Amino acid sequence: MADRNPISATNLDRYGHAPLPWSRAHDQLTAGVPGMETHFYLSTTSPDGRPHATGVGALWYDGDLYFTSNPDTRKSRNLARNPAAAIAVYFPGIDLIFEGEARRTTDPTQLEAVATLFRESGWPAQIEGDAITAPYSAPSAGPPPWQLYRFVFDTVVGITTEEPYGATRWQFAR
């Protein structure tokens, strides 16, 4: 799937600013491989309905976000039960919150493309079978191998922190 365009945009700004163009968010997502200073936060739902949030290393590839997780982590167990999730990220000038579903992918093309992007970001990711390995990962990641998840979103909210100000919700077809 290639990058998508929103099917609708709703201005959420209460101060008279114009709706934000999707290009403002999209340009940040496609500006290159995010460095260590870019923090993505994944929210999932536990079996008892309580929320769980954790940091993940995420990448934009072919119109979706991708991240890895050890199958024994709480986030992976939650996603196995319920793929509904949200990802939040701060970029210079704009905060983005994505809502959608995260599902494991074992597609060889996606695995190799995302592993290549991870290597470009400085993480020496390799493909092993249908998962990703590396000599190290985040302290909370658990041991390799790590499963690759594709996060397909249908809603994105953008709130700017620099001029021109505004807040917009974009809806996308899945």
# chains A, B, ... in the order shown; residues from 1 in each chain; ligands from 1

call {"tool": "residues_around", "arguments": {"residues": "Glu112 of chain A", "least_positions_apart": "2", "cutoff": "12 Å", "atoms": "only C-alpha atoms", "output": "PyMOL selection string"}}
result
chain A and resi 61+105-110+114-119+125-133+148

call {"tool": "write_last_selection", "arguments": {"atoms": "N, CA and C atoms", "output": "PDB file, in the first residue's frame"}}
result
ATOM      1  N   TYR A  61       6.674   3.340   6.695  1.00  0.00           N
ATOM      2  CA  TYR A  61       7.035   2.634   5.466  1.00  0.00           C
ATOM      3  C   TYR A  61       5.770   2.380   4.664  1.00  0.00           C
ATOM      4  N   THR A 105       3.087  -8.889  11.046  1.00  0.00           N
ATOM      5  CA  THR A 105       3.284  -9.197   9.635  1.00  0.00           C
ATOM      6  C   THR A 105       4.510 -10.096   9.497  1.00  0.00           C
ATOM      7  N   THR A 106       4.387 -11.071   8.629  1.00  0.00           N
ATOM      8  CA  THR A 106       5.513 -11.955   8.319  1.00  0.00           C
ATOM      9  C   THR A 106       5.878 -11.848   6.838  1.00  0.00           C
ATOM     10  N   ASP A 107       5.312 -10.851   6.171  1.00  0.00           N
ATOM     11  CA  ASP A 107       5.578 -10.648   4.754  1.00  0.00           C
ATOM     12  C   ASP A 107       7.067 -10.367   4.551  1.00  0.00           C
ATOM     13  N   PRO A 108       7.764 -11.182   3.747  1.00  0.00           N
ATOM     14  CA  PRO A 108       9.210 -11.007   3.563  1.00  0.00           C
ATOM     15  C   PRO A 108       9.604  -9.632   3.032  1.00  0.00           C
ATOM     16  N   THR A 109       8.802  -9.074   2.127  1.00  0.00           N
ATOM     17  CA  THR A 109       9.117  -7.760   1.576  1.00  0.00           C
ATOM     18  C   THR A 109       9.049  -6.690   2.659  1.00  0.00           C
ATOM     19  N   GLN A 110       8.005  -6.734   3.470  1.00  0.00           N
ATOM     20  CA  GLN A 110       7.873  -5.760   4.559  1.00  0.00           C
ATOM     21  C   GLN A 110       8.983  -5.956   5.588  1.00  0.00           C
ATOM     22  N   VAL A 114      11.625  -2.897   6.264  1.00  0.00           N
ATOM     23  CA  VAL A 114      11.647  -2.262   7.581  1.00  0.00           C
ATOM     24  C   VAL A 114      12.984  -2.520   8.278  1.00  0.00           C
ATOM     25  N   ALA A 115      13.531  -3.723   8.145  1.00  0.00           N
ATOM     26  CA  ALA A 115      14.854  -3.998   8.730  1.00  0.00           C
ATOM     27  C   ALA A 115      15.903  -3.070   8.120  1.00  0.00           C
ATOM     28  N   THR A 116      15.809  -2.817   6.828  1.00  0.00           N
ATOM     29  CA  THR A 116      16.737  -1.891   6.174  1.00  0.00           C
ATOM     30  C   THR A 116      16.594  -0.488   6.760  1.00  0.00           C
ATOM     31  N   LEU A 117      15.365  -0.047   6.958  1.00  0.00           N
ATOM     32  CA  LEU A 117      15.148   1.270   7.564  1.00  0.00           C
ATOM     33  C   LEU A 117      15.691   1.326   8.993  1.00  0.00           C
ATOM     34  N   PHE A 118      15.492   0.254   9.751  1.00  0.00           N
ATOM     35  CA  PHE A 118      16.052   0.217  11.108  1.00  0.00           C
ATOM     36  C   PHE A 118      17.578   0.325  11.059  1.00  0.00           C
ATOM     37  N   ARG A 119      18.204  -0.384  10.116  1.00  0.00           N
ATOM     38  CA  ARG A 119      19.667  -0.289   9.991  1.00  0.00           C
ATOM     39  C   ARG A 119      20.092   1.136   9.658  1.00  0.00           C
ATOM     40  N   ALA A 125      19.435  -4.211  12.713  1.00  0.00           N
ATOM     41  CA  ALA A 125      18.396  -5.232  12.585  1.00  0.00           C
ATOM     42  C   ALA A 125      18.681  -6.176  11.421  1.00  0.00           C
ATOM     43  N   GLN A 126      18.383  -7.449  11.634  1.00  0.00           N
ATOM     44  CA  GLN A 126      18.510  -8.490  10.615  1.00  0.00           C
ATOM     45  C   GLN A 126      17.245  -9.340  10.617  1.00  0.00           C
ATOM     46  N   ILE A 127      17.000  -9.993   9.505  1.00  0.00           N
ATOM     47  CA  ILE A 127      15.863 -10.907   9.401  1.00  0.00           C
ATOM     48  C   ILE A 127      16.328 -12.297   9.796  1.00  0.00           C
ATOM     49  N   GLU A 128      15.556 -12.943  10.646  1.00  0.00           N
ATOM     50  CA  GLU A 128      15.788 -14.336  11.009  1.00  0.00           C
ATOM     51  C   GLU A 128      14.446 -15.043  10.970  1.00  0.00           C
ATOM     52  N   GLY A 129      14.247 -15.869   9.943  1.00  0.00           N
ATOM     53  CA  GLY A 129      12.949 -16.511   9.761  1.00  0.00           C
ATOM     54  C   GLY A 129      11.907 -15.464   9.429  1.00  0.00           C
ATOM     55  N   ASP A 130      10.862 -15.382  10.257  1.00  0.00           N
ATOM     56  CA  ASP A 130       9.799 -14.403  10.025  1.00  0.00           C
ATOM     57  C   ASP A 130       9.799 -13.309  11.097  1.00  0.00           C
ATOM     58  N   ALA A 131      10.986 -13.031  11.644  1.00  0.00           N
ATOM     59  CA  ALA A 131      11.109 -12.023  12.697  1.00  0.00           C
ATOM     60  C   ALA A 131      12.407 -11.237  12.510  1.00  0.00           C
ATOM     61  N   ILE A 132      12.624 -10.292  13.413  1.00  0.00           N
ATOM     62  CA  ILE A 132      13.804  -9.430  13.375  1.00  0.00           C
ATOM     63  C   ILE A 132      14.672  -9.720  14.584  1.00  0.00           C
ATOM     64  N   THR A 133      15.977  -9.730  14.364  1.00  0.00           N
ATOM     65  CA  THR A 133      16.933  -9.890  15.458  1.00  0.00           C
ATOM     66  C   THR A 133      17.965  -8.767  15.370  1.00  0.00           C
ATOM     67  N   LEU A 148       7.452  -8.328  13.898  1.00  0.00           N
ATOM     68  CA  LEU A 148       7.201  -7.055  13.243  1.00  0.00           C
ATOM     69  C   LEU A 148       5.696  -6.832  13.181  1.00  0.00           C
TER      70      LEU A 148
END

call {"tool": "residues_around", "arguments": {"residues": "segment 90-102 of chain A", "least_positions_apart": "4", "cutoff": "10 Å", "atoms": "only C-alpha atoms", "output": "number ranges by chain"}}
result
A: 24-25, 28-29, 34, 37-44, 65-67, 76, 79-80, 82-86, 148-171, 174

call {"tool": "closest_residue", "arguments": {"among": "A:Ser8, A:Ser23, A:Thr54, A:Gln147", "to": "Val89 of chain A", "atoms": "only C-alpha atoms"}}
result
A:Thr54

call {"tool": "select_by_dssp", "arguments": {"residues": "segment 2-162 of chain A", "states": "strand (DSSP E)", "output": "ChimeraX atom specification"}}
result
/A:8-11,40-45,51-56,58-61,64-69,84-91,94-105,126-128,131-133,147-160

call {"tool": "atom_distance", "arguments": {"atom1": "atom CA of Phe172 of chain A", "atom2": "atom CA of Ile7 of chain A"}}
result
5.3 Å

call {"tool": "select_by_dssp", "arguments": {"residues": "segment 84-158 of chain A", "states": "helix (DSSP H, G or I)", "output": "tab-separated table (two decimals) with N, CA and C atoms, in the first residue's frame"}}
result
chain	number	residue	atom	x	y	z
A	108	PRO	N	7.76	-11.18	3.75
A	108	PRO	CA	9.21	-11.01	3.56
A	108	PRO	C	9.60	-9.63	3.03
A	109	THR	N	8.80	-9.07	2.13
A	109	THR	CA	9.12	-7.76	1.58
A	109	THR	C	9.05	-6.69	2.66
A	110	GLN	N	8.00	-6.73	3.47
A	110	GLN	CA	7.87	-5.76	4.56
A	110	GLN	C	8.98	-5.96	5.59
A	111	LEU	N	9.27	-7.19	5.95
A	111	LEU	CA	10.34	-7.46	6.91
A	111	LEU	C	11.67	-6.88	6.44
A	112	GLU	N	12.03	-7.15	5.21
A	112	GLU	CA	13.33	-6.68	4.70
A	112	GLU	C	13.36	-5.16	4.58
A	113	ALA	N	12.28	-4.58	4.07
A	113	ALA	CA	12.25	-3.12	3.92
A	113	ALA	C	12.35	-2.42	5.28
A	114	VAL	N	11.63	-2.90	6.26
A	114	VAL	CA	11.65	-2.26	7.58
A	114	VAL	C	12.98	-2.52	8.28
A	115	ALA	N	13.53	-3.72	8.14
A	115	ALA	CA	14.85	-4.00	8.73
A	115	ALA	C	15.90	-3.07	8.12
A	116	THR	N	15.81	-2.82	6.83
A	116	THR	CA	16.74	-1.89	6.17
A	116	THR	C	16.59	-0.49	6.76
A	117	LEU	N	15.37	-0.05	6.96
A	117	LEU	CA	15.15	1.27	7.56
A	117	LEU	C	15.69	1.33	8.99
A	118	PHE	N	15.49	0.25	9.75
A	118	PHE	CA	16.05	0.22	11.11
A	118	PHE	C	17.58	0.33	11.06
A	119	ARG	N	18.20	-0.38	10.12
A	119	ARG	CA	19.67	-0.29	9.99
A	119	ARG	C	20.09	1.14	9.66
A	120	GLU	N	19.34	1.80	8.78
A	120	GLU	CA	19.65	3.19	8.43
A	120	GLU	C	19.51	4.11	9.63

call {"tool": "closest_residue", "arguments": {"among": "A:Lys75, A:Gly122, A:Thr10, A:Pro135", "to": "Pro47 of chain A", "atoms": "only C-alpha atoms"}}
result
A:Lys75

call {"tool": "decode", "arguments": {"residues": "segment 7-128 of chain A", "atoms": "C-alpha atoms", "output": "PDB file, in the first residue's frame"}}
result
ATOM      1  CA  ILE A   7     -10.960  11.105   2.987  1.00  0.00           C
ATOM      2  CA  SER A   8     -12.022  13.880   5.377  1.00  0.00           C
ATOM      3  CA  ALA A   9     -10.586  16.497   7.697  1.00  0.00           C
ATOM      4  CA  THR A  10     -12.291  18.056  10.723  1.00  0.00           C
ATOM      5  CA  ASN A  11     -11.033  21.304  12.182  1.00  0.00           C
ATOM      6  CA  LEU A  12     -10.715  20.828  15.961  1.00  0.00           C
ATOM      7  CA  ASP A  13      -9.220  24.274  16.622  1.00  0.00           C
ATOM      8  CA  ARG A  14     -11.264  26.502  18.944  1.00  0.00           C
ATOM      9  CA  TYR A  15      -9.196  29.638  18.373  1.00  0.00           C
ATOM     10  CA  GLY A  16     -10.034  30.407  14.757  1.00  0.00           C
ATOM     11  CA  HIS A  17      -7.069  28.769  13.048  1.00  0.00           C
ATOM     12  CA  ALA A  18      -7.584  27.084   9.709  1.00  0.00           C
ATOM     13  CA  PRO A  19      -7.614  23.283   9.410  1.00  0.00           C
ATOM     14  CA  LEU A  20      -4.142  21.816   9.078  1.00  0.00           C
ATOM     15  CA  PRO A  21      -3.162  20.309   5.751  1.00  0.00           C
ATOM     16  CA  TRP A  22      -2.310  16.596   5.929  1.00  0.00           C
ATOM     17  CA  SER A  23       0.948  17.458   4.179  1.00  0.00           C
ATOM     18  CA  ARG A  24       2.225  19.059   7.405  1.00  0.00           C
ATOM     19  CA  ALA A  25       1.990  15.742   9.250  1.00  0.00           C
ATOM     20  CA  HIS A  26       2.954  13.638   6.232  1.00  0.00           C
ATOM     21  CA  ASP A  27       6.104  15.675   5.621  1.00  0.00           C
ATOM     22  CA  GLN A  28       7.299  14.882   9.160  1.00  0.00           C
ATOM     23  CA  LEU A  29       6.549  11.170   8.708  1.00  0.00           C
ATOM     24  CA  THR A  30       8.424  10.944   5.418  1.00  0.00           C
ATOM     25  CA  ALA A  31      11.322  13.286   6.276  1.00  0.00           C
ATOM     26  CA  GLY A  32      13.642  10.335   6.734  1.00  0.00           C
ATOM     27  CA  VAL A  33      14.343   7.627   9.244  1.00  0.00           C
ATOM     28  CA  PRO A  34      13.581   8.979  12.731  1.00  0.00           C
ATOM     29  CA  GLY A  35      16.513   9.250  15.074  1.00  0.00           C
ATOM     30  CA  MET A  36      16.753   8.353  18.721  1.00  0.00           C
ATOM     31  CA  GLU A  37      15.258  11.736  19.633  1.00  0.00           C
ATOM     32  CA  THR A  38      11.876  10.777  18.113  1.00  0.00           C
ATOM     33  CA  HIS A  39       9.691   8.969  20.635  1.00  0.00           C
ATOM     34  CA  PHE A  40       6.666   6.908  19.650  1.00  0.00           C
ATOM     35  CA  TYR A  41       4.236   5.659  22.303  1.00  0.00           C
ATOM     36  CA  LEU A  42       1.955   2.670  21.699  1.00  0.00           C
ATOM     37  CA  SER A  43      -1.282   2.251  23.654  1.00  0.00           C
ATOM     38  CA  THR A  44      -3.024  -1.119  23.804  1.00  0.00           C
ATOM     39  CA  THR A  45      -5.842  -2.562  25.901  1.00  0.00           C
ATOM     40  CA  SER A  46      -5.292  -5.235  28.560  1.00  0.00           C
ATOM     41  CA  PRO A  47      -7.766  -8.136  28.869  1.00  0.00           C
ATOM     42  CA  ASP A  48      -9.464  -6.403  31.826  1.00  0.00           C
ATOM     43  CA  GLY A  49      -9.991  -3.262  29.717  1.00  0.00           C
ATOM     44  CA  ARG A  50      -7.255  -1.213  31.342  1.00  0.00           C
ATOM     45  CA  PRO A  51      -4.963   0.778  29.047  1.00  0.00           C
ATOM     46  CA  HIS A  52      -1.287  -0.034  28.608  1.00  0.00           C
ATOM     47  CA  ALA A  53       1.165   2.449  27.093  1.00  0.00           C
ATOM     48  CA  THR A  54       4.809   1.891  26.227  1.00  0.00           C
ATOM     49  CA  GLY A  55       7.482   3.411  24.052  1.00  0.00           C
ATOM     50  CA  VAL A  56       8.291   1.711  20.758  1.00  0.00           C
ATOM     51  CA  GLY A  57      10.739   2.321  17.952  1.00  0.00           C
ATOM     52  CA  ALA A  58       8.440   2.975  14.997  1.00  0.00           C
ATOM     53  CA  LEU A  59       9.097   3.674  11.328  1.00  0.00           C
ATOM     54  CA  TRP A  60       6.986   4.957   8.456  1.00  0.00           C
ATOM     55  CA  TYR A  61       7.035   2.634   5.466  1.00  0.00           C
ATOM     56  CA  ASP A  62       4.692   2.519   2.488  1.00  0.00           C
ATOM     57  CA  GLY A  63       1.958   4.539   4.197  1.00  0.00           C
ATOM     58  CA  ASP A  64       1.846   2.740   7.554  1.00  0.00           C
ATOM     59  CA  LEU A  65       3.779   2.646  10.819  1.00  0.00           C
ATOM     60  CA  TYR A  66       5.841  -0.422  11.778  1.00  0.00           C
ATOM     61  CA  PHE A  67       7.353  -1.471  15.107  1.00  0.00           C
ATOM     62  CA  THR A  68       8.794  -4.593  16.707  1.00  0.00           C
ATOM     63  CA  SER A  69       7.933  -6.455  19.882  1.00  0.00           C
ATOM     64  CA  ASN A  70       8.952  -9.646  21.628  1.00  0.00           C
ATOM     65  CA  PRO A  71       5.975 -12.051  21.632  1.00  0.00           C
ATOM     66  CA  ASP A  72       6.088 -12.339  25.433  1.00  0.00           C
ATOM     67  CA  THR A  73       5.723  -8.606  26.129  1.00  0.00           C
ATOM     68  CA  ARG A  74       2.513  -7.160  27.482  1.00  0.00           C
ATOM     69  CA  LYS A  75       1.949  -5.132  24.296  1.00  0.00           C
ATOM     70  CA  SER A  76       2.252  -8.222  22.084  1.00  0.00           C
ATOM     71  CA  ARG A  77      -0.077 -10.247  24.301  1.00  0.00           C
ATOM     72  CA  ASN A  78      -2.586  -7.388  24.294  1.00  0.00           C
ATOM     73  CA  LEU A  79      -2.418  -7.035  20.501  1.00  0.00           C
ATOM     74  CA  ALA A  80      -2.905 -10.791  20.053  1.00  0.00           C
ATOM     75  CA  ARG A  81      -6.233 -10.427  21.892  1.00  0.00           C
ATOM     76  CA  ASN A  82      -7.259  -7.049  20.513  1.00  0.00           C
ATOM     77  CA  PRO A  83      -5.404  -5.344  17.632  1.00  0.00           C
ATOM     78  CA  ALA A  84      -7.012  -1.942  18.313  1.00  0.00           C
ATOM     79  CA  ALA A  85      -4.299   0.505  19.337  1.00  0.00           C
ATOM     80  CA  ALA A  86      -3.094   4.085  19.260  1.00  0.00           C
ATOM     81  CA  ILE A  87       0.352   5.527  18.599  1.00  0.00           C
ATOM     82  CA  ALA A  88       1.400   9.016  19.669  1.00  0.00           C
ATOM     83  CA  VAL A  89       4.506  10.847  18.480  1.00  0.00           C
ATOM     84  CA  TYR A  90       5.951  14.318  18.874  1.00  0.00           C
ATOM     85  CA  PHE A  91       7.657  15.873  15.890  1.00  0.00           C
ATOM     86  CA  PRO A  92       9.067  19.396  15.885  1.00  0.00           C
ATOM     87  CA  GLY A  93       6.038  21.635  15.534  1.00  0.00           C
ATOM     88  CA  ILE A  94       3.325  18.982  15.606  1.00  0.00           C
ATOM     89  CA  ASP A  95       2.015  16.233  17.889  1.00  0.00           C
ATOM     90  CA  LEU A  96       0.322  13.307  16.123  1.00  0.00           C
ATOM     91  CA  ILE A  97      -2.003  10.647  17.537  1.00  0.00           C
ATOM     92  CA  PHE A  98      -2.827   7.684  15.288  1.00  0.00           C
ATOM     93  CA  GLU A  99      -5.755   5.326  15.906  1.00  0.00           C
ATOM     94  CA  GLY A 100      -6.048   1.980  14.163  1.00  0.00           C
ATOM     95  CA  GLU A 101      -4.982  -1.653  14.394  1.00  0.00           C
ATOM     96  CA  ALA A 102      -1.596  -3.294  14.822  1.00  0.00           C
ATOM     97  CA  ARG A 103      -1.165  -6.800  13.466  1.00  0.00           C
ATOM     98  CA  ARG A 104       1.902  -8.942  13.129  1.00  0.00           C
ATOM     99  CA  THR A 105       3.284  -9.197   9.635  1.00  0.00           C
ATOM    100  CA  THR A 106       5.513 -11.955   8.319  1.00  0.00           C
ATOM    101  CA  ASP A 107       5.578 -10.648   4.754  1.00  0.00           C
ATOM    102  CA  PRO A 108       9.210 -11.007   3.563  1.00  0.00           C
ATOM    103  CA  THR A 109       9.117  -7.760   1.576  1.00  0.00           C
ATOM    104  CA  GLN A 110       7.873  -5.760   4.559  1.00  0.00           C
ATOM    105  CA  LEU A 111      10.341  -7.463   6.912  1.00  0.00           C
ATOM    106  CA  GLU A 112      13.326  -6.679   4.705  1.00  0.00           C
ATOM    107  CA  ALA A 113      12.250  -3.121   3.922  1.00  0.00           C
ATOM    108  CA  VAL A 114      11.647  -2.262   7.581  1.00  0.00           C
ATOM    109  CA  ALA A 115      14.854  -3.998   8.730  1.00  0.00           C
ATOM    110  CA  THR A 116      16.737  -1.891   6.174  1.00  0.00           C
ATOM    111  CA  LEU A 117      15.148   1.270   7.564  1.00  0.00           C
ATOM    112  CA  PHE A 118      16.052   0.217  11.108  1.00  0.00           C
ATOM    113  CA  ARG A 119      19.667  -0.289   9.991  1.00  0.00           C
ATOM    114  CA  GLU A 120      19.646   3.185   8.430  1.00  0.00           C
ATOM    115  CA  SER A 121      18.494   4.558  11.805  1.00  0.00           C
ATOM    116  CA  GLY A 122      21.499   2.943  13.519  1.00  0.00           C
ATOM    117  CA  TRP A 123      19.879  -0.237  14.883  1.00  0.00           C
ATOM    118  CA  PRO A 124      21.600  -3.287  13.289  1.00  0.00           C
ATOM    119  CA  ALA A 125      18.396  -5.232  12.585  1.00  0.00           C
ATOM    120  CA  GLN A 126      18.510  -8.490  10.615  1.00  0.00           C
ATOM    121  CA  ILE A 127      15.863 -10.907   9.401  1.00  0.00           C
ATOM    122  CA  GLU A 128      15.788 -14.336  11.009  1.00  0.00           C
TER     123      GLU A 128
END
